[in-house]
Amino acid sequence: MEETTQTLEPEAKANTSSDAPQTISVAGAQPEIAPDSDSDQLKLTLGEFEGPLDLLLYLIRQDQINIYDIPVARITDEYLRYLQLMKELDLAVAGDFLVMAAQLIDLKSRMLLPREATGADEEELDPRMDLVNRLLEHEKFKAAAQMLWSRATVERAVFTRAEIETDKNNPEVVVGLFDLLRVFQEILARHKEEVLLEIEREEVTMAEMIERLRNMVRSAGELNLLKFFERAQSRRELVVAFLSVLELVRLNEISLRQRETFGEIVAKSVSPA
Amino acid sequence: MSTAKAANLEDPIESIAPEEESVVEGQREISNIELKAIIESLIFVADEPIGAKAIADIVDVDREAVEAAIQDLVEDYQARPGGLQLREIAGGWQIATRPEHHEHIRAYLKSKPSAKLSLASLETLAVIAYRQPVTVPEILEIRGVQSPSAIKTLLDKRLIVAKGRKETVGRPMMYGTSKEFLIQFGLKDLSELPSMEDFQDLAGGAE
């Protein structure tokens with residue numbers, strides 16, 4: 001939330017004579033409220049009030065009130081005045097604030113009722129105890145939050161070593177040119193063994209071969225290069241196939257991966273960044 | 001390739017290993033000094049805090065010996081005014097830099113301090129850390145405000161985890177802190193958090 005400063009009465013100087021308002025940090029928020037002694041006007045700086053309990057705690061600390069003996073009527077008035085100000089400042093007043101307002105008014109009216117005379121243990125009967133306990137509990141957690149904040153700040157200044165290769169479970173070794181040539185050799189060798197009857201056939205052009213590779217990679221997502229090379233019908237077609245792999249790698253359309261040394265080489269299409 | 005070359009030579013790594021008086025058991029006898037060195041290297045290489053038991057299993061030495069060696073190492077690190085610290089965190093051991101040199105390290109890593117948690121998230125986290133397992137309505141009761149976005153942020157950052165449902169009306173989800181929480185806040189375990197009573201003075205001390 002942004003800090004909003006509003007002077008309801010521009011002439012009113014921050015009255016900081018005898019009763020200089022003590023600035024209390026409510027876990028990071030530093031709201032300031034300077035009541036002008038002559039009038040009802042308030043100059044205020046809204047800090048970050050996370051919720052109604054924050055606001056209430058702030059008002060109590062502001063007036064240096066003993067939290068175990070809250071003057072409910074006075075605090076309720078101040079609280080409601082604050083809500084009014086928030087409305088005038090066009091701040092969205094969250095429902096939680098209104099719920100607390102209702103609870104305060106309820107408390108105020110109950111305080112007006114005479115206490116039961118039988119009550120030996122006065123603490124038990126004090127209708128404020130519930131609220132006091134909530135406030136104290138809330139304040140403790142604010143302190144805990146601040147402790148966490150300072151711990152995290154120190155921790156952020158501590159570094160461990162940078163990531164190393166094995167930190168990722170499945171490192172993919174990038175394929176070198178020699179690995180590619182080796183696969184090519186394997187295929188060539190296999191072709192040699194087959195006795196082929198050379199028949200004139202349609203020559204596959206480089207462009208067609210590139211298109212074929214593109215489609216095969218695209219349709220399957222990834223392609224084992226062995227499968228691609230095996231489709232070649234002739235030595236010449238195999239050479240064209242090999243060149244088309246190199247070409248698509250050069251154009252950065254596919255990338256080649258080898259999961260283990262001497263393993264199969266897989267082509268993947270490079271997703272456009 | 002390189003394997004062919006290496007085959008002709010004796011293993012260059014084995015030949016580096018020092019010969020010391022050996023004490024501890026295992027397949028091969030390991031000296032105390034060597035054990036300490038092995039443990040240090042394991043802690044260095046591990047990508048998250050590594051526990052004494054895990055080390056004992058790997059090195060095949062009993063846990064007591066490992067723990068003694070770690071204590072020795074900790075003393076070494078403390079005695080040496082170096083840039084690293086050996087510390088216990090989230091139930092394991094970790095080698096990390098000291099916080100005082102963070103500016104230079106950040107300059108090298110070109111990193112900015114990572115996004116901080118908002119006040120709302122921190123408060124919600126504090127409630128969860130101290131009251132876990134805790135449900136959303138219970139958090140609301142303490143904070144006085146709804147905190148759905150704070151809980152989502154904390155879940156996204158993996159600082160809290162769902163811990164099952166509470167057997168009550170509506171069976172609300174219960175939340176607790178995660179191991180990541182211990183790591184990010186530099187805690188050995190949850191018992192290292194200051195007790196809630198320690199905040200009593202702070203909270204009640206204003207009157």
# chains A, B, ... in the order shown; residues from 1 in each chain; ligands from 1
>>> interface_residues(of="chain A", to="chain B", cutoff="8 Å", atoms="only C-alpha atoms", output="number ranges by chain")
A: 27-28, 50-53, 61, 64-67, 96, 134, 136-146, 148-149, 151-152, 154-161, 163, 167
>>> residues_around(residues="A:Lys268", least_positions_apart="2", cutoff="6 Å", atoms="only C-alpha atoms", output="PDB file with N, CA and C atoms, in the first residue's frame")
ATOM      1  N   GLU A 222      10.202 -35.661 -31.586  1.00  0.00           N
ATOM      2  CA  GLU A 222      11.632 -35.904 -31.670  1.00  0.00           C
ATOM      3  C   GLU A 222      11.876 -37.133 -32.536  1.00  0.00           C
ATOM      4  N   ILE A 254      16.574 -27.517 -35.744  1.00  0.00           N
ATOM      5  CA  ILE A 254      16.560 -28.694 -34.877  1.00  0.00           C
ATOM      6  C   ILE A 254      17.819 -28.672 -34.015  1.00  0.00           C
ATOM      7  N   SER A 255      17.725 -29.384 -32.889  1.00  0.00           N
ATOM      8  CA  SER A 255      18.928 -29.560 -32.078  1.00  0.00           C
ATOM      9  C   SER A 255      19.124 -31.053 -31.883  1.00  0.00           C
TER      10      SER A 255
END
>>> residues_around(residues="A:Arg212", least_positions_apart="6", cutoff="10 Å", atoms="only C-alpha atoms", output="VMD selection string")
chain A and resid 206 218 228 241 244
>>> write_last_selection(atoms="N, CA and C atoms", output="JSON list (two decimals), in the first residue's frame")
[["chain", "number", "residue", "atom", "x", "y", "z"],
["A", 206, "MET", "N", 17.95, -32.15, -52.40],
["A", 206, "MET", "CA", 18.29, -31.64, -51.07],
["A", 206, "MET", "C", 17.06, -30.99, -50.41],
["A", 218, "ARG", "N", 8.86, -32.91, -36.88],
["A", 218, "ARG", "CA", 7.69, -32.17, -36.39],
["A", 218, "ARG", "C", 6.58, -33.11, -35.96],
["A", 228, "PHE", "N", 15.86, -42.01, -39.38],
["A", 228, "PHE", "CA", 15.82, -41.11, -40.53],
["A", 228, "PHE", "C", 16.79, -41.59, -41.61],
["A", 241, "ALA", "N", 20.71, -36.96, -47.08],
["A", 241, "ALA", "CA", 20.05, -36.95, -45.77],
["A", 241, "ALA", "C", 20.97, -36.38, -44.70],
["A", 244, "SER", "N", 21.26, -32.75, -45.05],
["A", 244, "SER", "CA", 20.06, -32.00, -44.63],
["A", 244, "SER", "C", 20.01, -31.87, -43.10]]
>>> atom_distance(atom1="atom CA of A:Val183", atom2="atom CA of A:Leu251")
21.0 Å
>>> atom_distance(atom1="atom CA of A:Leu104", atom2="atom CA of B:Ser149")
27.2 Å
>>> atom_distance(atom1="atom CA of B:Ile160", atom2="atom CA of B:Gly176")
5.5 Å
>>> residues_around(residues="B:Leu182", least_positions_apart="3", cutoff="10 Å", atoms="only C-alpha atoms", output="ChimeraX atom specification")
/B:89-91,159,177-179,185-190,192-193
>>> write_last_selection(atoms="C-alpha atoms", output="PDB file, in the first residue's frame")
ATOM      1  CA  ILE B  89      20.634 -26.342   8.209  1.00  0.00           C
ATOM      2  CA  ALA B  90      17.360 -28.166   7.612  1.00  0.00           C
ATOM      3  CA  GLY B  91      18.722 -31.325   9.223  1.00  0.00           C
ATOM      4  CA  LEU B 159       7.606 -22.304   2.094  1.00  0.00           C
ATOM      5  CA  THR B 177       6.127 -25.160   7.025  1.00  0.00           C
ATOM      6  CA  SER B 178       8.334 -27.033   4.577  1.00  0.00           C
ATOM      7  CA  LYS B 179      11.990 -28.002   4.414  1.00  0.00           C
ATOM      8  CA  PHE B 185      15.376 -18.938   7.024  1.00  0.00           C
ATOM      9  CA  GLY B 186      18.624 -20.644   7.988  1.00  0.00           C
ATOM     10  CA  LEU B 187      17.153 -22.975  10.586  1.00  0.00           C
ATOM     11  CA  LYS B 188      18.449 -26.359  11.703  1.00  0.00           C
ATOM     12  CA  ASP B 189      14.931 -27.401  12.606  1.00  0.00           C
ATOM     13  CA  LEU B 190      11.730 -25.882  13.945  1.00  0.00           C
ATOM     14  CA  GLU B 192      15.537 -23.404  16.618  1.00  0.00           C
ATOM     15  CA  LEU B 193      12.797 -20.804  16.251  1.00  0.00           C
TER      16      LEU B 193
END
>>> select_by_dssp(residues="chain B", states="helix (DSSP H, G or I)", output="ChimeraX atom specification")
/B:2-8,14-16,32-45,52-59,63-79,99-109,119-131,136-143,148-156,179-184,190-192,198-204
>>> closest_residue(among="A:Asp126, A:Leu56, A:Tyr68, A:Phe184", to="A:Met100", atoms="only C-alpha atoms")
A:Leu56
>>> closest_residue(among="A:Leu113, A:Val204, A:Ile75, A:Met209", to="A:Tyr58", atoms="only C-alpha atoms")
A:Ile75
>>> closest_residue(among="B:Ile33, B:Ile55, B:Leu155, B:Ala107", to="B:Asp72", atoms="only C-alpha atoms")
B:Ile33
>>> select_by_dssp(residues="chain B", states="strand (DSSP E)", output="CSV table (one decimal) with C-alpha atoms, in the first residue's frame")
chain,number,residue,atom,x,y,z
B,84,LEU,CA,33.2,-20.0,3.8
B,85,GLN,CA,31.2,-21.4,6.7
B,86,LEU,CA,30.2,-25.0,7.4
B,87,ARG,CA,26.7,-24.9,9.0
B,88,GLU,CA,23.9,-27.1,10.0
B,89,ILE,CA,20.6,-26.3,8.2
B,92,GLY,CA,21.9,-31.5,7.1
B,93,TRP,CA,25.2,-29.8,6.5
B,94,GLN,CA,26.1,-27.2,4.0
B,95,ILE,CA,29.1,-25.1,2.9
B,96,ALA,CA,28.1,-21.6,2.2
B,97,THR,CA,29.6,-18.1,2.0
B,134,VAL,CA,-3.1,-24.7,11.2
B,135,THR,CA,-6.1,-24.0,9.1
B,160,ILE,CA,4.5,-24.0,3.3
B,161,VAL,CA,2.8,-27.3,2.4
B,162,ALA,CA,-0.7,-28.7,2.9
B,163,LYS,CA,-0.7,-31.1,5.9
B,164,GLY,CA,-4.0,-32.9,5.4
B,165,ARG,CA,-7.5,-31.8,6.5
B,173,MET,CA,-7.0,-27.7,4.9
B,174,MET,CA,-4.2,-27.6,7.4
B,175,TYR,CA,-0.8,-26.0,6.6
B,176,GLY,CA,2.6,-26.3,7.9
B,177,THR,CA,6.1,-25.2,7.0
